[in-house]
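> The structure under discussion is supplied below as structure tokens; questions concerning it will follow.
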Amino acid sequence: MFQRLLITLKGICMGIADVIPGVSGGTVALILGIYGRLVRAIRLIDLTLVGLMLSPAFYKRFWAHLTGQTAGSMAKEDDHAEAIVFLLFLVSGIALAILTGARIIPGLMAQYPEPMRGLFFGLILASVAVPYQMMKSRTPVHGLVFIAIAVLTFFLVGLRVDQSRFSHGTVVVQRVSAETEQTLRAQDLRFSATDPATMHKHDLSFDPSTDITMPAGTTSIEIPIVATRSGDDGNVPAGSIRYFLPSKFDATGWTVTQPAPLSGGADPPLWYLFVCGAIAICAMILPGISGAFLLLILGQYDYILFHLNQLVSTRSSVSAAVVAIFILGIIVGILSFSRVLNWMLYRLPDETMAALVGLMVGSLRILWPFQTMDTNGSHNTLPASLTDVTTLVTIGTMVAGVVIIVVLTIAGNRHAQAAGPH
């Protein structure tokens with residue numbers, strides 16, 4: 001039973017990673033030593049399994065694996081039964097983490113963007129050593145595979161978020177004192193049509209689409225804004241947006257008004273959600289490529305989290321349909337892609353590991369903690385000051401991420417040596 005609990009805990013770690021844009025559950029599976037087993041288990045969900053499930057013998061073997069009473073058995077049902085038990089405990093942990101993380105992690109990412117990205121940057125940077133050490137040989141061909149995949153991933157994660165279904169418009173912010181020039185950073189500001197005192201975590205809010213500098217002597221300035229997720233509920237009438245949300249920005253002495261209605265918000269069609277689910281799950285089982293990040297690029301990350309939260313909290317039928325179609329896409333995507341990945345791990349193990357190293361190195365671009373924003377999106381920069389508190393905390397979380405992976409890797413190696421060959 002301890003082994004089952006351990007698998008569930010590993011699933012929880014994967015689920016937490018899958019909620020975070022830029023961090024892959026596949027990376028966590030690789031670090032925790034269950035990546036190959038996961039891919040093989042998914043591959044065994046096939047027509048043969050359907051046939052075996054029609055036989056009472058399968059359920060006897062399933063129960064035996066569930067209770068750990070499998071010593072000496074070589075029944076034909078064993079591989080499939082063991083895979084289902086493994087996935088049952090792993091997916092339970094993943095689901096629990098996603099349902100919990102969907103409520104917590106986005107808030108942490110919004111409130112502490114630099115330290116959180118610093119933590120994940122450190123985690124992924126240190127994790128690069130895991131697939132590298134799994135390579136039995138390292139040739140120039142493997143080097144070319146690494147470079148090609150790293151470059152491709154670097155450009156992929158630099159793509160702009162699709163905001164074609166996000167409502168947009170402008171607000172006007174005013175200040176009492178106009179004595180000094182002041183820069184308003186986009187990542188420090190967020191606006192709402194709902195009073196923060198009564199606002200729920202996943203209620204719609206609006207972000208500036210660029211950093212703005214107010215010259216000395218200026219008391220008001222117009223700021224372009226965009227909704228934090230897709231959906232027609234973002235098309236709010238003029239005068240709706242009146243609140244600053246709590247953030248790093250001190251809004252004392254400031255007011256915000258909305259001179260014109262917002263427009264452009266639309267709910268995505270169900271077929272698009274199906275495709276997004278299939279694409280995201282393929283990324284989720286690839287170390288280095290985050291399914292959550294691809295959902296962000298496709299413009300559906302916050303939309304899916306919103307409806308997942310609505311389904312859990314209000315039992316909304318609309319949200320149930322959205323989540324069901326998305327999950328259907330996940331099922332189709334993972335059953336198809338796992339077969340390709342399993343073939344690669346079996347036939348081309350070193351080339352596959354070299355590609356995974358490239359994926360992880362290339363994905364570091366999106367996790368760099370220090371960023372600025374303009375109308376063309378976010379851009380990586382160097383910290384403005386090494387003595388700033390936020391910079392120091394971010395460097396600290398980055399180091400913490402590296403230390404966590406080093407400790408986990410050492411512990412995993414010692415456990416493997418103690419267990420011996422199987």
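Labels for the structure tokens follow display order: chains A, B, ..., residues from 1 in each chain, ligands from 1.
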What's around Leu90 (chain A) at 6 Å? Count only C-alpha atoms, leave out sequence neighbours fewer than 6 positions away in its own chain, and write the answer as a PyMOL selection string.

chain A and resi 7-8+11

> Assign secondary structure with DSSP using the backbone only, and return the residues of region 287-421 of chain A in strand (DSSP E) as a list in words.

Gln371, Thr372, Met373, Asp374, Gly377, Ser378, His379 and Asn380 of chain A

> Run DSSP on the backbone and tell me which residues of region 141-311 of chain A come out as helix (DSSP H, G or I); list them as an NGL selection string.

:A and (141-156 or 186-188 or 232-234 or 270-284 or 291-297 or 301-311)

> Neighbours of region 198-214 of chain A within 6 Å (only C-alpha atoms; same-chain residues fewer than 4 positions away dropped), as a ChimeraX atom specification?

/A:181-186,190-192,194,224-228,306,373-375

> Ranking A:Gly118, A:Gly51, A:Gly234, A:Gly299 by minimum distance to His80 (chain A) and counting only C-alpha atoms, which one comes first?

A:Gly51

> If we count only C-alpha atoms and set the cut-off at 9 Å, which residues sit around Leu144 (chain A), ignoring sequence neighbours fewer than 5 positions away in its own chain? Please answer as a ChimeraX atom specification.

/A:139,149,354

> Work out how far CA of Ala216 (chain A) is from CA of Pro383 (chain A), in Å to one decimal.

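We find that CA of Pro383 (chain A) and CA of Ala216 (chain A) lie 24.8 Å from each other.
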
> So, with only C-alpha atoms as the atoms that count, which of A:Val402, A:Leu308, A:Met109, A:Ala83 lies closest to Gly36 (chain A)?

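Under the stated criterion, the closest residue is A:Ala83.
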
> Restricting the calculation to only C-alpha atoms, which member of A:Val39, A:Leu99, A:Val171, A:Ile327 is positioned closest to Asn309 (chain A)?

A:Leu99

> Excluding Trp271 (chain A) and any residue of its chain fewer than 5 positions from it, enumerate the residues within 12 Å of it, using only C-alpha atoms, and give them as a PyMOL selection string.

chain A and resi 276-278+321-322+324-326+328-329

> Let me make sure I understand: among A:Thr219, A:Thr255, A:Ser230, A:Ser319, which one has the smallest atom-to-atom distance to Leu295 (chain A) if we use only C-alpha atoms?

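Ranking A:Thr219, A:Thr255, A:Ser230, A:Ser319 by distance to Leu295 (chain A), first place goes to A:Ser230.
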
> Go through A:Leu189, A:Ile285, A:Val151, A:Ala95 one by one, measure the shortest atom-to-atom distance of each to Ala251 (chain A) using only C-alpha atoms, and give the residue with the smallest value.

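Closest residue, counting only C-alpha atoms: A:Leu189.
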
> Can you pull out every residue within 10 Å of Val393 (chain A), counting only C-alpha atoms, but drop anything in the same chain fewer than 2 positions away, and send it as a ChimeraX atom specification?

/A:114-116,118-119,388-391,395-399

> Would you save the residues from that selection as a CSV table (one decimal), in the first residue's frame, using N, CA and C atoms?


```csv
chain,number,residue,atom,x,y,z
A,114,GLU,N,7.5,37.2,-10.3
A,114,GLU,CA,8.9,37.0,-10.4
A,114,GLU,C,9.4,35.9,-9.5
A,115,PRO,N,9.1,35.8,-8.2
A,115,PRO,CA,9.6,34.7,-7.4
A,115,PRO,C,9.1,33.4,-7.8
A,116,MET,N,7.8,33.3,-8.3
A,116,MET,CA,7.3,32.0,-8.7
A,116,MET,C,8.0,31.6,-10.0
A,118,GLY,N,10.9,32.4,-10.9
A,118,GLY,CA,12.3,32.1,-10.5
A,118,GLY,C,12.4,30.7,-9.9
A,119,LEU,N,11.4,30.3,-9.1
A,119,LEU,CA,11.3,28.9,-8.6
A,119,LEU,C,11.3,27.9,-9.7
A,388,ASP,N,17.3,45.1,-5.0
A,388,ASP,CA,15.9,45.2,-4.8
A,388,ASP,C,15.4,43.9,-4.1
A,389,VAL,N,14.4,44.1,-3.2
A,389,VAL,CA,13.9,43.0,-2.4
A,389,VAL,C,13.3,41.9,-3.3
A,390,THR,N,12.5,42.3,-4.3
A,390,THR,CA,11.9,41.3,-5.2
A,390,THR,C,13.0,40.5,-5.9
A,391,THR,N,14.0,41.2,-6.4
A,391,THR,CA,15.1,40.6,-7.1
A,391,THR,C,15.8,39.5,-6.2
A,395,ILE,N,15.9,35.5,-6.8
A,395,ILE,CA,17.2,34.7,-6.9
A,395,ILE,C,17.2,33.6,-5.9
A,396,GLY,N,16.6,33.9,-4.7
A,396,GLY,CA,16.5,32.9,-3.6
A,396,GLY,C,15.6,31.7,-4.0
A,397,THR,N,14.5,32.0,-4.7
A,397,THR,CA,13.6,31.0,-5.1
A,397,THR,C,14.2,30.2,-6.3
A,398,MET,N,15.0,30.9,-7.1
A,398,MET,CA,15.6,30.2,-8.2
A,398,MET,C,16.6,29.1,-7.6
A,399,VAL,N,17.4,29.6,-6.6
A,399,VAL,CA,18.4,28.7,-6.0
A,399,VAL,C,17.6,27.5,-5.3
```

> What is the CA of Arg61 (chain A) to CA of Gly25 (chain A) distance in Å?

29.2 Å

> Identify which of the residues A:Val128, A:Ile330, A:Ala400, A:Leu123 lies closest to Phe146 (chain A), counting only C-alpha atoms when measuring atom-to-atom distances.

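Among A:Val128, A:Ile330, A:Ala400, A:Leu123, it is A:Val128 that comes nearest to Phe146 (chain A).
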
> Calculate how many Å separate CA of Pro237 (chain A) from CA of Asp195 (chain A), rounding to one decimal.

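Interatomic distance, CA of Pro237 (chain A) to CA of Asp195 (chain A): 16.1 Å.
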
> Need to verify the contact set: Ile98 (chain A), 12 Å, only C-alpha atoms, exclusion of same-chain residues closer than 2 positions in sequence. Can you return it as an MDAnalysis selection string?

chainID A and resid 11:20 25 91:96 100:106 292 304:305 308:309 312
